[in-house]
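Visitor: Before we start, here is the structure in question, set down as structure tokens.
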Amino acid sequence: MSSGEIDYGGALEAVERILNRGGDAEDVLREVLDALGARGISFARVQLAGGDGLEVGERRASIAAPVAYEGSEIGSLEVAADDRAFVEPVATLISHHVARLETGGAAANLYPSEAAGQN
């Protein structure tokens with residue numbers, strides 16, 4: 001990977017590993033943003049519907065994708081990338097943690113298999 005090149009595959013794998021480990025919603029989202037930065041993404045931000053947000057890097061032109069939970073838009077993910085096909089799935093993957101952060105941890109479990117004790 002050359003300087004300035006984004007490792008989309010590695011970034012997606014890293015995001016999935018972080019989400020699988022779980023943890024405090026804010027910590028998980030910060031780890032996700034850091035992982036994106038480590039794989040060549042110069043700016044990433046999770047914006048909550050309530051106005052707060054987390055970000056890494058310097059503000060750049062970015063692609064924004066809505067983060068939705070149970071049919072409602074609860075925030076957005078902005079990533080300095082040129083591949084919407086990467087940004088949208090990441091927004092979907094982080095939706096449960098964004099919902100937990102937005103609601104102070106009160107969001108219902110997004111993954112029914114986890115709720116049933118299956119994994």
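Simple scheme: letters A, B, ... for chains in structure tokens order, numbers from 1 for residues in each chain, numbers from 1 for ligands in the order shown.
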Extract, using only C-alpha atoms, all DNA, RNA and protein residues at most 10 Å from region 60-66 of chain A, discarding same-chain residues fewer than 5 positions from it, and format them as a count of residues only.

Guide: 27

Visitor: Can you list every residue in chain A that DSSP puts in helix (DSSP H, G or I), as an NGL selection string?

Guide: :A and (8-21 or 25-38 or 84-93 or 95-102 or 112-115)

Visitor: Would you export the selected residues with C-alpha atoms as an mmCIF file, in the first residue's frame, please?

Guide:
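Final output, again19.cif:
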data_model
loop_
_atom_site.group_PDB
_atom_site.id
_atom_site.type_symbol
_atom_site.label_atom_id
_atom_site.label_comp_id
_atom_site.auth_asym_id
_atom_site.auth_seq_id
_atom_site.Cartn_x
_atom_site.Cartn_y
_atom_site.Cartn_z
ATOM 1 C CA TYR A 8 -10.486 -0.890 2.069
ATOM 2 C CA GLY A 9 -10.363 -4.665 2.578
ATOM 3 C CA GLY A 10 -8.111 -4.385 5.623
ATOM 4 C CA ALA A 11 -10.227 -1.574 7.046
ATOM 5 C CA LEU A 12 -13.432 -3.586 6.710
ATOM 6 C CA GLU A 13 -11.815 -6.638 8.338
ATOM 7 C CA ALA A 14 -10.515 -4.486 11.200
ATOM 8 C CA VAL A 15 -13.962 -2.939 11.748
ATOM 9 C CA GLU A 16 -15.566 -6.385 11.877
ATOM 10 C CA ARG A 17 -12.955 -7.630 14.398
ATOM 11 C CA ILE A 18 -13.506 -4.599 16.633
ATOM 12 C CA LEU A 19 -17.291 -4.974 16.518
ATOM 13 C CA ASN A 20 -17.045 -8.704 17.264
ATOM 14 C CA ARG A 21 -15.015 -7.949 20.415
ATOM 15 C CA ALA A 25 -20.155 1.859 22.593
ATOM 16 C CA GLU A 26 -17.959 4.962 22.643
ATOM 17 C CA ASP A 27 -14.767 2.913 23.010
ATOM 18 C CA VAL A 28 -15.802 0.612 20.153
ATOM 19 C CA LEU A 29 -16.581 3.538 17.852
ATOM 20 C CA ARG A 30 -13.284 5.243 18.707
ATOM 21 C CA GLU A 31 -11.452 1.997 17.902
ATOM 22 C CA VAL A 32 -13.307 1.791 14.580
ATOM 23 C CA LEU A 33 -12.297 5.346 13.662
ATOM 24 C CA ASP A 34 -8.687 4.676 14.686
ATOM 25 C CA ALA A 35 -8.635 1.490 12.600
ATOM 26 C CA LEU A 36 -9.897 3.413 9.572
ATOM 27 C CA GLY A 37 -7.159 5.989 10.103
ATOM 28 C CA ALA A 38 -4.510 3.280 10.399
ATOM 29 C CA ARG A 84 -19.468 4.642 -1.295
ATOM 30 C CA ALA A 85 -19.622 0.823 -1.528
ATOM 31 C CA PHE A 86 -17.208 0.805 1.438
ATOM 32 C CA VAL A 87 -18.745 3.615 3.510
ATOM 33 C CA GLU A 88 -22.358 2.395 3.474
ATOM 34 C CA PRO A 89 -21.638 -1.126 4.821
ATOM 35 C CA VAL A 90 -19.444 0.327 7.570
ATOM 36 C CA ALA A 91 -22.324 2.663 8.530
ATOM 37 C CA THR A 92 -24.601 -0.369 8.746
ATOM 38 C CA LEU A 93 -22.074 -2.372 10.772
ATOM 39 C CA SER A 95 -25.348 1.176 13.711
ATOM 40 C CA HIS A 96 -25.933 -0.805 16.899
ATOM 41 C CA HIS A 97 -23.041 0.907 18.689
ATOM 42 C CA VAL A 98 -24.161 4.336 17.467
ATOM 43 C CA ALA A 99 -27.652 3.553 18.809
ATOM 44 C CA ARG A 100 -26.176 2.500 22.152
ATOM 45 C CA LEU A 101 -24.162 5.724 22.345
ATOM 46 C CA GLU A 102 -27.123 7.867 21.269
ATOM 47 C CA PRO A 112 -31.360 -11.599 17.536
ATOM 48 C CA SER A 113 -28.899 -14.541 17.459
ATOM 49 C CA GLU A 114 -26.914 -12.906 20.287
ATOM 50 C CA ALA A 115 -30.066 -12.306 22.297
#

Visitor: Taking only C-alpha atoms into account, name the residue in A:Gly53, A:Glu58, A:Gly23, A:Gly40 that is nearest to Asp7 (chain A).

Guide: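 Among A:Gly53, A:Glu58, A:Gly23, A:Gly40, it is A:Gly40 that comes nearest to Asp7 (chain A).
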
Visitor: Tell me, in Å to one decimal, how far CA of Ala68 (chain A) is from CA of Ile6 (chain A).

Guide: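 Interatomic distance here is 25.2 Å.
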
Visitor: Just asking: which residues within region 11-64 of chain A are strand (DSSP E) according to DSSP, as a list in words?

Guide: Phe43, Ala44, Arg45, Val46, Gln47, Leu48, Gly53, Leu54, Glu55, Val56, Gly57, Ile63 and Ala64 of chain A

Visitor: Any idea what the distance is between CA of Leu48 (chain A) and CA of Gly104 (chain A)?

Guide: 11.9 Å

Visitor: What's the separation between CA of Asp52 (chain A) and CA of Glu70 (chain A), in Å to one decimal place?

Guide: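 Atom-to-atom, CA of Asp52 (chain A) and CA of Glu70 (chain A) are spaced 20.2 Å apart.
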